[in-house]
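Only one structure is covered here, and it is reproduced in the block below.
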Amino acid sequence: MTLAGRPDEAGRTATPGVPAQVDALGGEIAAGDAEAGERPQQARLLNIANILTIMRLVLVPVFVVFLFIGPHEDGWRIAAFAAYAVAAITDQIDGAVARRHDLVTEFGAFVDPVADKALTGAALISLSILDEIPWAVTAVIVVRELGVTLLRLWVIRHGVIAASRGGKLKTLLLNISLGLAVLPLTGPAAAVSDAVLAAGVVVAVATGVDYVARAVALRRVGRSAQRAGRPPGAQLPGAQPRRDEPVGEQPQDDGPKEVAGGG
């Protein structure tokens with residue numbers, strides 16, 4: 001939902017020229033050209049961005065079925081790769097489509113990271129069951145994803161931890177490596193897949209540690225702000241304010257943003 005130059009729920013009015021901010025539920029608060037007093041418009045639940053997200057969620061069981069029907073048959077492996085590739089592509093474009101066309105909804109903000117983690121987790125666990133990816137790798141990635149989600153919930157009252165470039169790189173590396181791992185590759189191509197996966201694990205661990213540090217800092221600053229009577233969530237670079245905070249001068253972060261749980 002976009003509020004542009006209009007009063008928010010608490011009666012405050014956005015200041016023209018202030019950069020857009022993403023709140024904890026994925027709504028976008030932005031200064032715009034709309035006249036004061038205009039009622040905010042809610043994006044329709046059934047829009048192209050949400051359809052892409054739902055498509056990704058539906059493709060997860062399709063991918064798993066294709067993979068296990070013929071785990072040693074090239075045709076079924078290619079079919080599983082196609083399902084995974086389409087799902088991964090929707091992951092790259094649905095959020096951008098939602099923001100560009102003002103289609104951000106709370107449903108999309110909640111379901112999008114769920115679909116991302118379902119796709120990655122299904123691929124990791126399935127390939128581990130087939131003894132093609134070590135269970136240790138799967139455990140590290142799954143624990144990291146759950147940990148980051150719990151961290152965001154831990155600090156949600158103080159602000160939202162925006163996704164880092166490292167988090168986006170981690171997702172890209174995992175999607176590439178898992179996609180290649182699904183294909184019936186041998187020799188140097190298989191070695192490339194293993195190398196990309198190893199890089200993805202290293203980035204996942206490093207960004208996981210970074211998220212822990214950012215969460216602790218955000219919680220500390222937020223609690224100090226509450227004791228001082230200041231609105232939380234605006235004091236830490238990379239953190240986004242909650243929906244009920246006033247729109248004012250916020251730290252600018254030109255990196256990619258993520259809502260609710262990925263990265």
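Labels for the structure tokens follow display order: chains A, B, ..., residues from 1 in each chain, ligands from 1.
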Exercise for review: Output as a VMD selection string all residues of segment 55-250 of chain A that backbone DSSP marks as helix (DSSP H, G or I).
Suggested key: chain A and resid 55 to 69 74 to 100 106 to 129 135 to 154 165 to 182 188 to 228
Residues as selected, C-alpha atoms, written as a tab-separated table (two decimals), in the first residue's frame, can you do that?
```tsv
chain	number	residue	atom	x	y	z
A	55	MET	CA	3.35	-19.66	-8.85
A	56	ARG	CA	6.74	-20.09	-7.18
A	57	LEU	CA	5.12	-21.74	-4.18
A	58	VAL	CA	3.13	-24.11	-6.42
A	59	LEU	CA	6.25	-25.02	-8.40
A	60	VAL	CA	8.03	-26.29	-5.27
A	61	PRO	CA	6.12	-29.62	-5.04
A	62	VAL	CA	6.19	-29.90	-8.85
A	63	PHE	CA	9.98	-29.63	-8.75
A	64	VAL	CA	10.23	-32.26	-6.00
A	65	VAL	CA	7.92	-34.70	-7.81
A	66	PHE	CA	9.86	-34.37	-11.08
A	67	LEU	CA	13.14	-34.90	-9.26
A	68	PHE	CA	12.07	-38.07	-7.45
A	69	ILE	CA	10.08	-39.64	-10.31
A	74	ASP	CA	18.01	-37.20	-17.82
A	75	GLY	CA	14.52	-36.27	-19.01
A	76	TRP	CA	13.06	-35.99	-15.52
A	77	ARG	CA	16.14	-34.16	-14.23
A	78	ILE	CA	15.78	-31.60	-17.00
A	79	ALA	CA	12.06	-31.25	-16.19
A	80	ALA	CA	12.93	-30.69	-12.51
A	81	PHE	CA	15.53	-28.11	-13.53
A	82	ALA	CA	12.95	-26.29	-15.67
A	83	ALA	CA	10.52	-26.09	-12.72
A	84	TYR	CA	13.29	-24.84	-10.42
A	85	ALA	CA	14.54	-22.30	-12.97
A	86	VAL	CA	11.08	-20.80	-13.53
A	87	ALA	CA	10.54	-20.56	-9.77
A	88	ALA	CA	13.93	-18.92	-9.25
A	89	ILE	CA	13.23	-16.39	-12.02
A	90	THR	CA	9.93	-15.38	-10.40
A	91	ASP	CA	11.91	-14.80	-7.20
A	92	GLN	CA	14.00	-12.21	-9.02
A	93	ILE	CA	11.13	-10.27	-10.56
A	94	ASP	CA	8.01	-10.40	-8.35
A	95	GLY	CA	9.30	-7.96	-5.73
A	96	ALA	CA	10.55	-5.53	-8.37
A	97	VAL	CA	7.19	-5.69	-10.17
A	98	ALA	CA	5.31	-5.04	-6.93
A	99	ARG	CA	7.37	-1.97	-6.04
A	100	ARG	CA	7.49	-0.52	-9.53
A	106	GLU	CA	0.84	-7.50	3.20
A	107	PHE	CA	-0.03	-10.92	1.72
A	108	GLY	CA	2.83	-10.66	-0.75
A	109	ALA	CA	5.26	-9.42	1.89
A	110	PHE	CA	4.45	-12.46	4.03
A	111	VAL	CA	4.27	-15.17	1.34
A	112	ASP	CA	7.30	-14.07	-0.72
A	113	PRO	CA	10.01	-15.05	1.81
A	114	VAL	CA	8.07	-18.23	2.65
A	115	ALA	CA	8.14	-19.23	-1.03
A	116	ASP	CA	11.86	-18.38	-1.28
A	117	LYS	CA	12.80	-20.53	1.68
A	118	ALA	CA	10.48	-23.35	0.58
A	119	LEU	CA	12.16	-23.51	-2.82
A	120	THR	CA	15.71	-23.46	-1.49
A	121	GLY	CA	14.95	-25.82	1.38
A	122	ALA	CA	13.15	-28.32	-0.88
A	123	ALA	CA	16.08	-28.40	-3.30
A	124	LEU	CA	18.67	-28.82	-0.55
A	125	ILE	CA	16.79	-31.53	1.32
A	126	SER	CA	15.84	-33.42	-1.86
A	127	LEU	CA	19.40	-33.43	-3.19
A	128	SER	CA	20.70	-34.51	0.22
A	129	ILE	CA	18.24	-37.41	0.27
A	135	TRP	CA	23.66	-33.09	4.77
A	136	ALA	CA	26.11	-30.79	6.57
A	137	VAL	CA	25.68	-28.20	3.81
A	138	THR	CA	21.90	-28.48	3.98
A	139	ALA	CA	21.95	-28.14	7.78
A	140	VAL	CA	24.11	-24.99	7.66
A	141	ILE	CA	21.88	-23.26	5.11
A	142	VAL	CA	18.59	-24.27	6.76
A	143	VAL	CA	19.77	-23.21	10.23
A	144	ARG	CA	21.03	-19.92	8.81
A	145	GLU	CA	17.69	-19.18	7.08
A	146	LEU	CA	15.65	-20.01	10.19
A	147	GLY	CA	18.04	-18.00	12.34
A	148	VAL	CA	17.76	-14.86	10.22
A	149	THR	CA	13.97	-15.13	10.25
A	150	LEU	CA	13.93	-15.45	14.05
A	151	LEU	CA	16.29	-12.47	14.33
A	152	ARG	CA	13.94	-10.31	12.30
A	153	LEU	CA	11.05	-11.33	14.52
A	154	TRP	CA	13.18	-10.60	17.60
A	165	ARG	CA	23.93	-7.09	-0.80
A	166	GLY	CA	25.58	-10.15	0.69
A	167	GLY	CA	22.19	-11.68	1.38
A	168	LYS	CA	21.15	-11.11	-2.23
A	169	LEU	CA	24.44	-12.60	-3.43
A	170	LYS	CA	23.85	-15.64	-1.22
A	171	THR	CA	20.43	-16.21	-2.80
A	172	LEU	CA	21.85	-15.85	-6.31
A	173	LEU	CA	24.72	-18.27	-5.65
A	174	LEU	CA	22.41	-20.87	-4.12
A	175	ASN	CA	19.92	-20.63	-6.98
A	176	ILE	CA	22.69	-21.09	-9.55
A	177	SER	CA	24.40	-23.95	-7.72
A	178	LEU	CA	21.19	-25.84	-6.90
A	179	GLY	CA	19.91	-25.43	-10.43
A	180	LEU	CA	23.16	-26.85	-11.81
A	181	ALA	CA	23.10	-29.65	-9.23
A	182	VAL	CA	19.69	-30.75	-10.48
A	188	PRO	CA	34.08	-29.92	-15.10
A	189	ALA	CA	30.43	-28.75	-15.17
A	190	ALA	CA	29.70	-30.67	-11.97
A	191	ALA	CA	32.85	-29.19	-10.40
A	192	VAL	CA	31.59	-25.68	-11.23
A	193	SER	CA	28.30	-26.48	-9.48
A	194	ASP	CA	30.18	-27.65	-6.36
A	195	ALA	CA	32.37	-24.53	-6.37
A	196	VAL	CA	29.40	-22.17	-6.64
A	197	LEU	CA	27.62	-24.04	-3.83
A	198	ALA	CA	30.71	-23.76	-1.62
A	199	ALA	CA	30.84	-20.02	-2.30
A	200	GLY	CA	27.14	-19.77	-1.44
A	201	VAL	CA	27.71	-21.51	1.90
A	202	VAL	CA	30.59	-19.18	2.78
A	203	VAL	CA	28.52	-16.09	1.93
A	204	ALA	CA	25.54	-17.51	3.85
A	205	VAL	CA	27.60	-17.97	7.02
A	206	ALA	CA	29.28	-14.57	6.71
A	207	THR	CA	26.01	-12.71	6.13
A	208	GLY	CA	24.38	-14.69	8.94
A	209	VAL	CA	27.00	-13.36	11.37
A	210	ASP	CA	26.45	-9.86	9.97
A	211	TYR	CA	22.68	-10.14	10.52
A	212	VAL	CA	23.26	-11.17	14.13
A	213	ALA	CA	25.43	-8.09	14.72
A	214	ARG	CA	22.90	-5.80	13.01
A	215	ALA	CA	20.00	-7.28	14.97
A	216	VAL	CA	21.78	-6.82	18.31
A	217	ALA	CA	22.72	-3.24	17.41
A	218	LEU	CA	19.20	-2.42	16.21
A	219	ARG	CA	17.63	-3.82	19.38
A	220	ARG	CA	20.08	-1.89	21.58
A	221	VAL	CA	19.49	1.39	19.73
A	222	GLY	CA	15.73	0.80	19.63
A	223	ARG	CA	15.52	0.18	23.37
A	224	SER	CA	17.58	3.32	24.03
A	225	ALA	CA	15.28	5.31	21.75
A	226	GLN	CA	12.21	4.03	23.58
A	227	ARG	CA	13.65	5.06	26.93
A	228	ALA	CA	14.40	8.51	25.51
```
**Study point:** All strand (DSSP E) residues (DSSP, backbone) inside segment 35-243 of chain A, as a VMD selection string
**Key:** chain A and resid 160 to 161 239 to 240
Since we have the selection now, will you write its residues out, keeping N, CA and C atoms, as an mmCIF file, in the first residue's frame?
```
data_model
loop_
_atom_site.group_PDB
_atom_site.id
_atom_site.type_symbol
_atom_site.label_atom_id
_atom_site.label_comp_id
_atom_site.auth_asym_id
_atom_site.auth_seq_id
_atom_site.Cartn_x
_atom_site.Cartn_y
_atom_site.Cartn_z
ATOM 1 N N VAL A 160 12.941 -2.894 10.937
ATOM 2 C CA VAL A 160 13.142 -4.017 10.030
ATOM 3 C C VAL A 160 14.569 -3.996 9.518
ATOM 4 N N ILE A 161 15.250 -5.126 9.581
ATOM 5 C CA ILE A 161 16.603 -5.224 9.051
ATOM 6 C C ILE A 161 16.505 -5.395 7.536
ATOM 7 N N ALA A 239 18.316 -0.169 8.727
ATOM 8 C CA ALA A 239 17.056 -0.538 9.363
ATOM 9 C C ALA A 239 15.961 0.347 8.819
ATOM 10 N N GLN A 240 14.759 -0.215 8.684
ATOM 11 C CA GLN A 240 13.618 0.529 8.175
ATOM 12 C C GLN A 240 12.606 0.730 9.288
#
```
